[in-house]
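Have a look at the structure below before the remarks.
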Amino acid sequence: ITVEWMNSGITFAGVFSGDVTLDVTASKLLHCFAIIDDDVNNATRLVLAEGDSTIILASGLNKEYHKITLEKTTDAGSYFTAKTLNYTGVLANKPADKELKIEFIGDSVTSAKALYSSTEQSDEFLRTDSRLGFPSIVARGLNADLSVISRSGHAINQHETKPRIMDWYNSILYTNKDNSYNGSADVVVVALGTNDTWAYIDENGTYTDPNGELVSGIKALLTQVRATNPNATIVFTYGMMDNRIANIYKTAVEGWATDNSDANTYYLALTRGEYCTGDDGHPNPEGHAYNANKIITFLRGKGF
């Protein structure tokens, strides 16, 4: 099983005793968390070195039923392949899916990158922690299964070195666009725009887009999301890191919803505030928590 997207991983359960280990091959140095019996607060960070290794998922387990999850917390572009599971005990059936599935589409903010400044945390890898990112917080708050399609530096539209994230939509692997699936979520949260805004404002901060490329891109994205998730509640969010030209995003989203008679698509303004103290101006953990609670409150108001 190859795992690449942020927050993706493997989950299994059974009656285990002693140690549970996993033989893996990693494309490059990456970080994961091992979560035992859904105890996220006591998850263990694991460093996977490039190449082959055996990692300890759990140790000293009492002989009883355990659920074990290995979740990747490094941005897409690095991956690991789980090869052999080693355990003493009996595997149980696959743990049941949760009733609610939430999908997030985004960039480095959605990938919970750069949570701390280089002064606060000198190790770049430790500045990323998906457990502290707003997608994970929302999923835990609503007891939902989580799917994240995000990559640092990606955008709504293609801009020089900023690729279009939707080119990878429905791809199981970032490194293999042809390896696709046709999933469907109950809720889709789009968190994009930070890497687009700079392309459509001049040196004075004035919106300049004579051909309407940004609005067209937003509408094309929503059309693609709706085609894959015909019954989902779609929430387009903006403002967590860069809140300039927020009115353009809001008007485009609401205009698309009106034009398509789509009463289940919404725009939700997020808050930049004083939270962007992370590396390169990214939101810190407090900013992720604050905005996650805004999304949770909004979705609960829609019946979730």
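In the structure tokens, the first chain shown is A, the next is B, and so on; residue numbers restart at 1 for each chain, and ligands run from 1 in the order shown.
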Exercise for the section: Fewer than 4 positions away in the same chain doesn't count, so skip those; otherwise give me all residues within 8 Å of Ser17 of chain A, counting only C-alpha atoms, as a list in words. Expected result: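 Within the cut-off, the hits are Gly60, Leu61, Asn62, Lys63, Glu64, Tyr87, Thr88 and Gly89 of chain A.
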Exercise for the section: Can you list, as a list of chain:residue names, all residues belonging to segment 1-242 of chain A that DSSP tags as alpha helix (DSSP H)? Expected result: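 Of segment 1-242 of chain A, only A:Phe134, A:Pro135, A:Ser136, A:Ile137, A:Val138, A:Ala139, A:Arg140, A:Gly141, A:Thr194, A:Asn195, A:Asp196, A:Thr197, A:Glu213, A:Leu214, A:Val215, A:Ser216, A:Gly217, A:Ile218, A:Lys219, A:Ala220, A:Leu221, A:Leu222, A:Thr223, A:Gln224, A:Val225, A:Arg226, A:Ala227, A:Thr228 fall in alpha helix (DSSP H).
Nearest-residue note for Thr74 of chain A: choosing from A:Ala34, A:Ile218, A:Leu29, A:Ala43, the minimum distance belongs to A:Leu29, counting only C-alpha atoms.
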Problem - Given only C-alpha atoms as the counted atoms, nearest of A:Glu4, A:Asp39, A:Ser59, A:Asp75 to Leu22 of chain A - result: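 The closest residue to Leu22 of chain A is A:Ser59.
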Would you pick out the contacts of Leu126 of chain A at 9 Å or less, using only C-alpha atoms, so that residues sharing its chain but fewer than 2 positions from it are not included, and give the list as an mmCIF file with C-alpha atoms, in the first residue's frame?
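Written out: out39.cif:
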```cif
data_model
loop_
_atom_site.group_PDB
_atom_site.id
_atom_site.type_symbol
_atom_site.label_atom_id
_atom_site.label_comp_id
_atom_site.auth_asym_id
_atom_site.auth_seq_id
_atom_site.Cartn_x
_atom_site.Cartn_y
_atom_site.Cartn_z
ATOM 1 C CA HIS A 31 7.352 11.922 9.126
ATOM 2 C CA ALA A 114 5.312 26.124 8.510
ATOM 3 C CA LEU A 115 3.385 26.277 11.779
ATOM 4 C CA TYR A 116 6.371 27.824 13.534
ATOM 5 C CA GLN A 121 11.669 25.518 15.507
ATOM 6 C CA SER A 122 14.972 25.101 13.670
ATOM 7 C CA ASP A 123 14.036 21.677 12.235
ATOM 8 C CA GLU A 124 11.938 22.331 9.126
ATOM 9 C CA THR A 128 4.712 20.608 9.999
ATOM 10 C CA ASP A 129 2.220 18.649 12.094
#
```
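Each of A:Asn243, A:Thr119, A:Thr297, A:Ser53 was compared to Gly273 of chain A using only C-alpha atoms, and A:Asn243 turns out to be the nearest.
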Practice task
Using only C-alpha atoms, determine which residues lie at most 9 Å from segment 193-206 of chain A, disregarding the query and same-chain residues fewer than 3 positions distant; provide the list as a list in words.
Solution key: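 Using only C-alpha atoms, the neighbours found are Gly106, Asp107, Val109, Gly153, His154, Ala155, Ile156, Asn157, Gln158, His159, Lys162, Asp209, Glu213, Leu214, Thr237, Tyr238, Gly239, Met240, Met241, Asp242, Asn243, Arg244, Ile245 and Tyr249 of chain A.
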Problem - Selection near Leu142 of chain A, 8 Å with only C-alpha atoms, sequence-local residues under 5 positions removed, as an MDAnalysis selection string - result: chainID A and resid 100 296 304
